[in-house]
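Participant: Structure file protein-v2.pdb (PDB, C-alpha atoms and all ligand atoms) is given on the next line.
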ATOM      1  CA  MET A   1       0.000   0.000   0.000  1.00  0.00           C
ATOM      2  CA  SER A   2       2.711   2.407  -0.901  1.00  0.00           C
ATOM      3  CA  ALA A   3       1.017   5.170  -2.810  1.00  0.00           C
ATOM      4  CA  ALA A   4       4.333   7.007  -2.750  1.00  0.00           C
ATOM      5  CA  ARG A   5       5.668   4.818  -5.503  1.00  0.00           C
ATOM      6  CA  GLY A   6       2.689   5.969  -7.473  1.00  0.00           C
ATOM      7  CA  ASP A   7       2.568   4.433 -10.882  1.00  0.00           C
ATOM      8  CA  ARG A   8       5.800   2.455 -10.364  1.00  0.00           C
ATOM      9  CA  PRO A   9       4.842  -0.649  -8.334  1.00  0.00           C
ATOM     10  CA  ASP A  10       7.974  -2.339  -9.705  1.00  0.00           C
ATOM     11  CA  LEU A  11      10.135  -0.121  -7.484  1.00  0.00           C
ATOM     12  CA  PRO A  12      11.034  -1.262  -3.956  1.00  0.00           C
ATOM     13  CA  ARG A  13       8.775   0.078  -1.197  1.00  0.00           C
ATOM     14  CA  ILE A  14      11.750   1.538   0.687  1.00  0.00           C
ATOM     15  CA  PRO A  15      14.166   3.460  -1.530  1.00  0.00           C
ATOM     16  CA  PRO A  16      17.839   2.407  -1.322  1.00  0.00           C
ATOM     17  CA  GLY A  17      19.759   3.855   1.612  1.00  0.00           C
ATOM     18  CA  GLN A  18      16.647   4.784   3.591  1.00  0.00           C
ATOM     19  CA  THR A  19      16.038   3.562   7.163  1.00  0.00           C
ATOM     20  CA  VAL A  20      12.511   2.997   8.446  1.00  0.00           C
ATOM     21  CA  ALA A  21      11.766   5.389  11.328  1.00  0.00           C
ATOM     22  CA  GLN A  22       9.953   3.866  14.305  1.00  0.00           C
ATOM     23  CA  ASN A  23       8.950   7.255  15.699  1.00  0.00           C
ATOM     24  CA  TRP A  24       8.123  10.150  13.425  1.00  0.00           C
ATOM     25  CA  PRO A  25      11.185  12.468  13.393  1.00  0.00           C
ATOM     26  CA  VAL A  26      10.702  16.238  13.606  1.00  0.00           C
ATOM     27  CA  LEU A  27      12.699  18.210  11.078  1.00  0.00           C
ATOM     28  CA  HIS A  28      12.468  21.858  10.130  1.00  0.00           C
ATOM     29  CA  TYR A  29      14.404  25.073   9.883  1.00  0.00           C
ATOM     30  CA  GLY A  30      13.973  27.514  12.758  1.00  0.00           C
ATOM     31  CA  GLU A  31      11.202  27.558  15.333  1.00  0.00           C
ATOM     32  CA  VAL A  32       7.614  26.311  15.116  1.00  0.00           C
ATOM     33  CA  PRO A  33       5.876  29.472  13.854  1.00  0.00           C
ATOM     34  CA  ALA A  34       2.893  31.043  15.574  1.00  0.00           C
ATOM     35  CA  GLY A  35       0.905  31.199  12.328  1.00  0.00           C
ATOM     36  CA  THR A  36      -2.476  32.738  11.746  1.00  0.00           C
ATOM     37  CA  ARG A  37      -5.545  32.394  13.988  1.00  0.00           C
ATOM     38  CA  PRO A  38      -8.004  31.491  12.654  1.00  0.00           C
ATOM     39  CA  TRP A  39      -5.948  29.478  10.136  1.00  0.00           C
ATOM     40  CA  ARG A  40      -6.471  30.277   6.468  1.00  0.00           C
ATOM     41  CA  VAL A  41      -4.616  29.702   3.202  1.00  0.00           C
ATOM     42  CA  ARG A  42      -4.121  32.380   0.579  1.00  0.00           C
ATOM     43  CA  LEU A  43      -4.310  31.202  -3.051  1.00  0.00           C
ATOM     44  CA  PHE A  44      -2.621  33.749  -5.317  1.00  0.00           C
ATOM     45  CA  GLY A  45      -0.242  34.440  -8.197  1.00  0.00           C
ATOM     46  CA  ALA A  46      -1.081  33.215 -11.700  1.00  0.00           C
ATOM     47  CA  VAL A  47      -4.748  32.583 -10.878  1.00  0.00           C
ATOM     48  CA  GLN A  48      -8.039  34.032 -12.096  1.00  0.00           C
ATOM     49  CA  ARG A  49      -9.419  34.307  -8.598  1.00  0.00           C
ATOM     50  CA  GLU A  50      -7.305  35.143  -5.566  1.00  0.00           C
ATOM     51  CA  VAL A  51      -8.908  33.639  -2.470  1.00  0.00           C
ATOM     52  CA  TYR A  52      -8.353  33.208   1.225  1.00  0.00           C
ATOM     53  CA  LEU A  53      -9.590  29.746   2.224  1.00  0.00           C
ATOM     54  CA  PRO A  54     -10.388  29.252   5.895  1.00  0.00           C
ATOM     55  CA  LEU A  55      -9.240  25.882   7.242  1.00  0.00           C
ATOM     56  CA  GLU A  56     -12.879  24.821   7.694  1.00  0.00           C
ATOM     57  CA  GLU A  57     -13.563  25.413   4.009  1.00  0.00           C
ATOM     58  CA  ILE A  58     -10.526  23.318   3.033  1.00  0.00           C
ATOM     59  CA  GLN A  59     -11.742  20.567   5.363  1.00  0.00           C
ATOM     60  CA  ARG A  60     -15.037  20.508   3.486  1.00  0.00           C
ATOM     61  CA  LEU A  61     -13.061  19.314   0.431  1.00  0.00           C
ATOM     62  CA  ARG A  62     -11.908  16.222   2.343  1.00  0.00           C
ATOM     63  CA  SER A  63     -11.352  13.061   0.310  1.00  0.00           C
ATOM     64  CA  ALA A  64     -10.873   9.457   1.372  1.00  0.00           C
ATOM     65  CA  ASP A  65      -7.754   9.073   3.524  1.00  0.00           C
ATOM     66  CA  ILE A  66      -4.547   8.777   1.516  1.00  0.00           C
ATOM     67  CA  PRO A  67      -2.202   5.855   2.243  1.00  0.00           C
ATOM     68  CA  ALA A  68       1.315   7.087   1.516  1.00  0.00           C
ATOM     69  CA  ASP A  69       4.832   6.436   2.787  1.00  0.00           C
ATOM     70  CA  VAL A  70       7.068   9.502   3.086  1.00  0.00           C
ATOM     71  CA  HIS A  71      10.830   9.744   2.624  1.00  0.00           C
ATOM     72  CA  CYS A  72      13.218  12.378   3.949  1.00  0.00           C
ATOM     73  CA  VAL A  73      16.393  13.118   2.017  1.00  0.00           C
ATOM     74  CA  SER A  74      18.314  12.811   5.323  1.00  0.00           C
ATOM     75  CA  GLY A  75      17.681   9.059   5.143  1.00  0.00           C
ATOM     76  CA  TRP A  76      14.532   8.100   7.055  1.00  0.00           C
ATOM     77  CA  SER A  77      11.210   6.825   5.764  1.00  0.00           C
ATOM     78  CA  LEU A  78       7.901   6.836   7.630  1.00  0.00           C
ATOM     79  CA  LEU A  79       5.591   3.991   6.608  1.00  0.00           C
ATOM     80  CA  ASP A  80       1.987   2.980   7.260  1.00  0.00           C
ATOM     81  CA  ASN A  81       0.505   6.458   7.152  1.00  0.00           C
ATOM     82  CA  ALA A  82      -3.105   7.283   6.341  1.00  0.00           C
ATOM     83  CA  TRP A  83      -3.341  11.012   5.726  1.00  0.00           C
ATOM     84  CA  THR A  84      -6.567  12.980   6.077  1.00  0.00           C
ATOM     85  CA  GLY A  85      -6.798  15.933   3.771  1.00  0.00           C
ATOM     86  CA  ALA A  86      -8.198  17.741   0.756  1.00  0.00           C
ATOM     87  CA  PRO A  87      -6.822  16.912  -2.701  1.00  0.00           C
ATOM     88  CA  PHE A  88      -4.574  19.625  -4.126  1.00  0.00           C
ATOM     89  CA  THR A  89      -6.611  19.634  -7.343  1.00  0.00           C
ATOM     90  CA  ALA A  90      -9.855  20.355  -5.456  1.00  0.00           C
ATOM     91  CA  VAL A  91      -8.197  23.288  -3.686  1.00  0.00           C
ATOM     92  CA  GLU A  92      -6.633  24.693  -6.833  1.00  0.00           C
ATOM     93  CA  ALA A  93      -9.994  24.580  -8.626  1.00  0.00           C
ATOM     94  CA  MET A  94     -11.149  27.294  -6.206  1.00  0.00           C
ATOM     95  CA  ALA A  95      -8.505  29.682  -7.560  1.00  0.00           C
ATOM     96  CA  ARG A  96      -8.734  28.737 -11.250  1.00  0.00           C
ATOM     97  CA  PRO A  97      -5.035  28.866 -12.178  1.00  0.00           C
ATOM     98  CA  LEU A  98      -4.026  30.312 -15.538  1.00  0.00           C
ATOM     99  CA  PRO A  99      -3.192  27.643 -18.121  1.00  0.00           C
ATOM    100  CA  SER A 100       0.267  29.193 -18.393  1.00  0.00           C
ATOM    101  CA  ALA A 101       1.068  28.428 -14.729  1.00  0.00           C
ATOM    102  CA  ARG A 102       3.720  25.707 -14.490  1.00  0.00           C
ATOM    103  CA  PHE A 103       5.031  25.835 -10.921  1.00  0.00           C
ATOM    104  CA  LEU A 104       3.759  26.168  -7.379  1.00  0.00           C
ATOM    105  CA  MET A 105       5.373  27.929  -4.432  1.00  0.00           C
ATOM    106  CA  ALA A 106       4.147  26.625  -1.079  1.00  0.00           C
ATOM    107  CA  HIS A 107       4.578  29.218   1.678  1.00  0.00           C
ATOM    108  CA  ALA A 108       4.794  28.401   5.373  1.00  0.00           C
ATOM    109  CA  ALA A 109       4.021  30.676   8.292  1.00  0.00           C
ATOM    110  CA  GLY A 110       7.332  32.212   9.285  1.00  0.00           C
ATOM    111  CA  GLY A 111       8.573  32.689   5.713  1.00  0.00           C
ATOM    112  CA  TRP A 112       9.905  29.242   4.700  1.00  0.00           C
ATOM    113  CA  SER A 113       8.892  28.170   1.174  1.00  0.00           C
ATOM    114  CA  THR A 114       9.402  25.423  -1.369  1.00  0.00           C
ATOM    115  CA  ASN A 115       8.819  25.299  -5.140  1.00  0.00           C
ATOM    116  CA  ILE A 116       7.251  22.313  -6.915  1.00  0.00           C
ATOM    117  CA  PRO A 117       6.353  21.668 -10.580  1.00  0.00           C
ATOM    118  CA  LEU A 118       2.562  21.705 -10.978  1.00  0.00           C
ATOM    119  CA  THR A 119       2.677  18.367 -12.785  1.00  0.00           C
ATOM    120  CA  ASP A 120       3.920  16.886  -9.485  1.00  0.00           C
ATOM    121  CA  CYS A 121       1.163  18.656  -7.530  1.00  0.00           C
ATOM    122  CA  ARG A 122      -1.672  17.405  -9.726  1.00  0.00           C
ATOM    123  CA  ARG A 123      -1.318  13.756  -8.730  1.00  0.00           C
ATOM    124  CA  PRO A 124      -4.208  12.165  -6.801  1.00  0.00           C
ATOM    125  CA  ASP A 125      -2.122  11.593  -3.641  1.00  0.00           C
ATOM    126  CA  VAL A 126      -1.022  15.227  -3.297  1.00  0.00           C
ATOM    127  CA  ALA A 127      -3.111  16.974  -0.644  1.00  0.00           C
ATOM    128  CA  LEU A 128      -3.413  19.603   2.038  1.00  0.00           C
ATOM    129  CA  VAL A 129      -3.488  17.415   5.149  1.00  0.00           C
ATOM    130  CA  TRP A 130      -4.497  17.953   8.769  1.00  0.00           C
ATOM    131  CA  ALA A 131      -4.335  14.459  10.340  1.00  0.00           C
ATOM    132  CA  ARG A 132      -2.252  11.265  10.212  1.00  0.00           C
ATOM    133  CA  ASN A 133      -3.795   7.925  11.214  1.00  0.00           C
ATOM    134  CA  GLY A 134      -6.767   9.753  12.674  1.00  0.00           C
ATOM    135  CA  VAL A 135      -4.693  12.063  14.877  1.00  0.00           C
ATOM    136  CA  PRO A 136      -4.689  15.813  14.114  1.00  0.00           C
ATOM    137  CA  LEU A 137      -1.206  16.985  13.107  1.00  0.00           C
ATOM    138  CA  PRO A 138       0.623  18.415  16.113  1.00  0.00           C
ATOM    139  CA  ALA A 139       2.297  21.787  15.592  1.00  0.00           C
ATOM    140  CA  VAL A 140       5.777  20.193  15.393  1.00  0.00           C
ATOM    141  CA  HIS A 141       4.636  18.226  12.337  1.00  0.00           C
ATOM    142  CA  GLY A 142       3.107  21.215  10.578  1.00  0.00           C
ATOM    143  CA  GLY A 143      -0.296  21.382  12.234  1.00  0.00           C
ATOM    144  CA  PRO A 144      -2.879  22.553  11.741  1.00  0.00           C
ATOM    145  CA  LEU A 145      -2.224  22.170   8.002  1.00  0.00           C
ATOM    146  CA  ARG A 146       0.615  20.984   5.797  1.00  0.00           C
ATOM    147  CA  LEU A 147       1.166  19.962   2.219  1.00  0.00           C
ATOM    148  CA  LEU A 148       1.715  16.290   1.347  1.00  0.00           C
ATOM    149  CA  VAL A 149       3.681  15.444  -1.812  1.00  0.00           C
ATOM    150  CA  PRO A 150       4.543  11.830  -1.029  1.00  0.00           C
ATOM    151  CA  HIS A 151       6.284  10.833  -4.267  1.00  0.00           C
ATOM    152  CA  LEU A 152       8.950  13.526  -3.756  1.00  0.00           C
ATOM    153  CA  TYR A 153      11.360  13.911  -0.842  1.00  0.00           C
ATOM    154  CA  LEU A 154       9.544  15.171   2.235  1.00  0.00           C
ATOM    155  CA  TRP A 155      11.145  18.612   2.130  1.00  0.00           C
ATOM    156  CA  LYS A 156       8.512  19.518  -0.500  1.00  0.00           C
ATOM    157  CA  SER A 157       5.727  18.766   2.032  1.00  0.00           C
ATOM    158  CA  CYS A 158       5.502  22.287   3.441  1.00  0.00           C
ATOM    159  CA  LYS A 159       4.534  22.465   7.120  1.00  0.00           C
ATOM    160  CA  TRP A 160       2.299  25.291   8.497  1.00  0.00           C
ATOM    161  CA  LEU A 161       0.903  25.992   5.050  1.00  0.00           C
ATOM    162  CA  VAL A 162      -0.412  29.566   4.768  1.00  0.00           C
ATOM    163  CA  ALA A 163      -0.250  30.294   1.036  1.00  0.00           C
ATOM    164  CA  LEU A 164      -0.056  28.632  -2.365  1.00  0.00           C
ATOM    165  CA  GLU A 165       1.319  30.701  -5.223  1.00  0.00           C
ATOM    166  CA  TRP A 166       0.888  29.657  -8.856  1.00  0.00           C
ATOM    167  CA  MET A 167       3.843  30.695 -11.000  1.00  0.00           C
ATOM    168  CA  ILE A 168       4.444  30.945 -14.729  1.00  0.00           C
ATOM    169  CA  GLN A 169       8.216  30.949 -14.219  1.00  0.00           C
ATOM    170  CA  ASP A 170       9.978  28.763 -11.673  1.00  0.00           C
ATOM    171  CA  ARG A 171      11.598  30.392  -8.664  1.00  0.00           C
ATOM    172  CA  PRO A 172      13.637  28.714  -5.919  1.00  0.00           C
ATOM    173  CA  GLY A 173      12.158  28.258  -2.448  1.00  0.00           C
ATOM    174  CA  PHE A 174      14.022  28.581   0.843  1.00  0.00           C
ATOM    175  CA  TRP A 175      16.406  25.610   0.560  1.00  0.00           C
ATOM    176  CA  GLU A 176      16.294  25.444  -3.210  1.00  0.00           C
ATOM    177  CA  LYS A 177      18.088  28.822  -3.412  1.00  0.00           C
ATOM    178  CA  ASP A 178      21.436  27.200  -2.705  1.00  0.00           C
ATOM    179  CA  SER A 179      20.417  23.594  -2.809  1.00  0.00           C
ATOM    180  CA  LYS A 180      22.663  20.810  -3.899  1.00  0.00           C
ATOM    181  CA  TYR A 181      19.555  18.590  -3.919  1.00  0.00           C
ATOM    182  CA  THR A 182      18.440  18.756  -7.492  1.00  0.00           C
ATOM    183  CA  ASN A 183      17.086  15.221  -7.286  1.00  0.00           C
ATOM    184  CA  LEU A 184      13.560  15.249  -5.840  1.00  0.00           C
ATOM    185  CA  ASP A 185      12.819  11.582  -6.449  1.00  0.00           C
ATOM    186  CA  PRO A 186      13.631   9.087  -3.663  1.00  0.00           C
ATOM    187  CA  TRP A 187      13.825   6.251  -6.202  1.00  0.00           C
ATOM    188  CA  ALA A 188      16.113   7.972  -8.692  1.00  0.00           C
ATOM    189  CA  ALA A 189      19.205   6.090  -7.467  1.00  0.00           C
ATOM    190  CA  VAL A 190      17.500   2.747  -8.034  1.00  0.00           C
ATOM    191  CA  ARG A 191      16.453   3.801 -11.487  1.00  0.00           C
ATOM    192  CA  GLY A 192      19.990   4.965 -12.191  1.00  0.00           C
ATOM    193  CA  ARG A 193      21.312   1.567 -11.190  1.00  0.00           C
ATOM    194  CA  GLU A 194      18.721  -0.173 -13.337  1.00  0.00           C
ATOM    195  CA  LYS A 195      19.894   1.839 -16.263  1.00  0.00           C
ATOM    196  CA  GLN A 196      23.560   1.245 -15.291  1.00  0.00           C
ATOM    197  CA  THR A 197      24.291   4.935 -15.400  1.00  0.00           C
ATOM    198  CA  GLY A 198      26.247   4.800 -12.157  1.00  0.00           C
ATOM    199  CA  ALA A 199      24.213   7.620 -10.673  1.00  0.00           C
ATOM    200  CA  PRO A 200      25.429   8.227  -7.109  1.00  0.00           C
ATOM    201  CA  ALA A 201      23.024   7.532  -4.251  1.00  0.00           C
ATOM    202  CA  GLN A 202      21.951  10.413  -2.035  1.00  0.00           C
ATOM    203  CA  GLY A 203      24.191  11.037   0.958  1.00  0.00           C
ATOM    204  CA  PRO A 204      22.744  10.915   4.480  1.00  0.00           C
ATOM    205  CA  ASP A 205      22.642  14.615   5.169  1.00  0.00           C
ATOM    206  CA  ASP A 206      19.982  17.271   5.030  1.00  0.00           C
ATOM    207  CA  ARG A 207      19.534  20.995   5.061  1.00  0.00           C
ATOM    208  CA  PRO A 208      18.546  21.655   8.668  1.00  0.00           C
ATOM    209  CA  ALA A 209      21.433  21.712  11.114  1.00  0.00           C
TER     210      ALA A 209
HETATM  211  N1  LIG A 301       7.652  25.077   6.880  1.00  0.00           N
HETATM  212  C1  LIG A 301       8.538  24.097   6.753  1.00  0.00           C
HETATM  213  N2  LIG A 301       8.150  22.947   6.179  1.00  0.00           N
HETATM  214  C2  LIG A 301       9.022  21.918   6.056  1.00  0.00           C
HETATM  215  C3  LIG A 301      10.345  22.038   6.516  1.00  0.00           C
HETATM  216  C4  LIG A 301      10.741  23.274   7.098  1.00  0.00           C
HETATM  217  O1  LIG A 301      11.891  23.490   7.503  1.00  0.00           O
HETATM  218  N3  LIG A 301       9.800  24.272   7.222  1.00  0.00           N
HETATM  219  N4  LIG A 301      11.218  20.966   6.380  1.00  0.00           N
HETATM  220  C5  LIG A 301      10.899  19.938   5.395  1.00  0.00           C
HETATM  221  C6  LIG A 301      11.684  18.726   5.584  1.00  0.00           C
HETATM  222  S1  LIG A 301      13.291  18.692   5.052  1.00  0.00           S
HETATM  223  C7  LIG A 301      11.146  17.569   6.079  1.00  0.00           C
HETATM  224  S2  LIG A 301      12.036  16.120   6.139  1.00  0.00           S
HETATM  225  C8  LIG A 301       9.774  17.546   6.596  1.00  0.00           C
HETATM  226  C9  LIG A 301       9.766  17.002   7.993  1.00  0.00           C
HETATM  227  O2  LIG A 301       8.453  16.909   8.469  1.00  0.00           O
HETATM  228  P1  LIG A 301       8.234  16.346   9.916  1.00  0.00           P
HETATM  229  O3  LIG A 301       9.013  17.240  10.864  1.00  0.00           O
HETATM  230  O4  LIG A 301       6.780  16.386  10.149  1.00  0.00           O
HETATM  231  O5  LIG A 301       8.798  14.969   9.918  1.00  0.00           O
HETATM  232  O6  LIG A 301       9.159  18.829   6.584  1.00  0.00           O
HETATM  233  C10 LIG A 301       9.423  19.593   5.426  1.00  0.00           C
HETATM  234  N5  LIG A 301       8.594  20.759   5.469  1.00  0.00           N
HETATM  235 MO    MO A 302      13.973  16.507   4.976  1.00  0.00          MO
END
So, in terms of structure tokens, how does the structure I just supplied come out?
Facilitator:
Amino acid sequence: MSAARGDRPDLPRIPPGQTVAQNWPVLHYGEVPAGTRPWRVRLFGAVQREVYLPLEEIQRLRSADIPADVHCVSGWSLLDNAWTGAPFTAVEAMARPLPSARFLMAHAAGGWSTNIPLTDCRRPDVALVWARNGVPLPAVHGGPLRLLVPHLYLWKSCKWLVALEWMIQDRPGFWEKDSKYTNLDPWAAVRGREKQTGAPAQGPDDRPA
């Protein structure tokens, strides 16, 4: 039941070099931000309709829970997750993005951000989530609302989500500005090996100190 592998069930459930975490690690830059009360998400940028969506309105777009493993570039994977959330595509329909939009910037309370190609966002397992295995997300894990992009490394799953910005041109987010991590795909090393390209595996380090 690894939705994270998406349309590639031939790939191993746990990408090479990853260790299964028994407890959910906490990883982020800086402090847990205070955020907005009441919580709302601004949809803006290359859209026809800029909107502020209160958390309750996002929760009305709830879908069936999403089973998806997640993988951090620092080397741990968290398995057996059922995420409760609203599909990204249902949320973006509220803002009616311009057809020329190609990228998304997810903004966190406190100023952290991450950029993601819209083709990666428009998969059925990408969602704005507020609970894992029936438990509301605690603030340390991005509560009350975070993004979930399970087929990419977890650093794209923006915690404390306060805004989504549609972009025509790509722009780097917080870590992407000077990032050596150009590979977003936890299974890329395995694919490289399959193809005998000798692609190096990801090293066990990460952005946050
Ligand atoms: N706002 C924000 N979101 C973030 C981060 C961050 O520093 N700030 N770190 C990312 C990284 S690198 C990881 S591995 C995951 C960790 O989520 P967790 O602490 O819930 O395990 O959050 C991602 N989302
Ligand atoms: Mo990470």
Participant: Return as JSON, numbers by chain every polymer residue, whether protein, DNA or RNA, with at least one atom no more than 7 Å from an atom of ligand MO 302 (chain A); count all atoms listed in the file.
Facilitator: {"A": [27, 72, 73, 74, 153, 154, 155, 206]}
Participant: Those same residues, written as a PDB file, in the frame of the given file with C-alpha atoms?
Facilitator:
ATOM      1  CA  LEU A  27      12.699  18.210  11.078  1.00  0.00           C
ATOM      2  CA  CYS A  72      13.218  12.378   3.949  1.00  0.00           C
ATOM      3  CA  VAL A  73      16.393  13.118   2.017  1.00  0.00           C
ATOM      4  CA  SER A  74      18.314  12.811   5.323  1.00  0.00           C
ATOM      5  CA  TYR A 153      11.360  13.911  -0.842  1.00  0.00           C
ATOM      6  CA  LEU A 154       9.544  15.171   2.235  1.00  0.00           C
ATOM      7  CA  TRP A 155      11.145  18.612   2.130  1.00  0.00           C
ATOM      8  CA  ASP A 206      19.982  17.271   5.030  1.00  0.00           C
TER       9      ASP A 206
END
Participant: Give as a PyMOL selection string the residues surrounding ligand LIG 301 (chain A) up to a distance of 9 Å, considering only C-alpha atoms and all ligand atoms.
Facilitator: chain A and resi 24-33+70-74+76+78+106-114+137-143+146-147+153-161+174-175+206-208
Participant: Could you tell me how far CA of Leu128 (chain A) lies from CA of Leu98 (chain A), in Å and to one decimal?
Facilitator: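 So the two atoms, CA of Leu128 (chain A) and CA of Leu98 (chain A), lie 20.6 Å apart.
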Participant: On this structure, which residues satisfy the PyMOL selection byres (((chain A and resi 122) around 12) and not hetatm), written as number ranges by chain?
Facilitator: A: 87-93, 102-104, 116-121, 123-127, 148-149, 151
Participant: One number please: CA of Ala64 (chain A) to CA of Leu79 (chain A), in Å, one decimal.
Facilitator: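 According to the coordinates, CA of Ala64 (chain A) and CA of Leu79 (chain A) are separated by 18.1 Å.
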Participant: Determine the residue set returned by the PyMOL selection byres (((chain A and resi 41-54) around 7) and not hetatm) for the present structure, and present it as a VMD selection string.
Facilitator: chain A and resid 39 to 40 55 to 58 95 to 98 101 161 to 168
Participant: Pick out the closest residue to Ser77 (chain A) from this set: A:Lys177, A:Arg171, A:Arg13, A:Arg8. Count all atoms listed in the file.
Facilitator: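 The closest residue to Ser77 (chain A) is A:Arg13.
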Participant: My list of candidates is A:Ala34, A:Trp187, A:Glu176, A:Asn23. Which is closest to Asp10 (chain A) when distances are computed with only C-alpha atoms?
Facilitator: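 Smallest distance to Asp10 (chain A) is found for A:Trp187.
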Participant: For a test of reading the model, state the distance in Å between CA of Asn133 (chain A) and CA of Ala188 (chain A), rounded to one decimal.
Facilitator: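 Distance reported for this atom pair: 28.2 Å.
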Participant: Give the answer as one residue: which of A:Ala131, A:Met94, A:Pro99, A:Pro186 has the shortest atom-to-atom distance to Pro16 (chain A), using only C-alpha atoms?
Facilitator: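 Checking each candidate against Pro16 (chain A), we get A:Pro186 as the closest.
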Participant: With only C-alpha atoms as the basis for distance, which of A:Gln169, A:Leu145, A:Val129, A:Asn115 is at the shortest distance from Leu184 (chain A)?
Facilitator: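 Of all the options, A:Asn115 lies closest to Leu184 (chain A).
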Participant: From the options A:Ala82, A:Met105, A:Ala21, A:Ile14, which residue's atoms come nearest to Asp65 (chain A), counting all atoms listed in the file?
Facilitator: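 Among the listed residues, the smallest separation from Asp65 (chain A) belongs to A:Ala82.
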Participant: For Trp130 (chain A), which residue among A:Gln59, A:Thr19, A:Thr182, A:Ser100 is the nearest when counting all atoms listed in the file?
Facilitator: A:Gln59
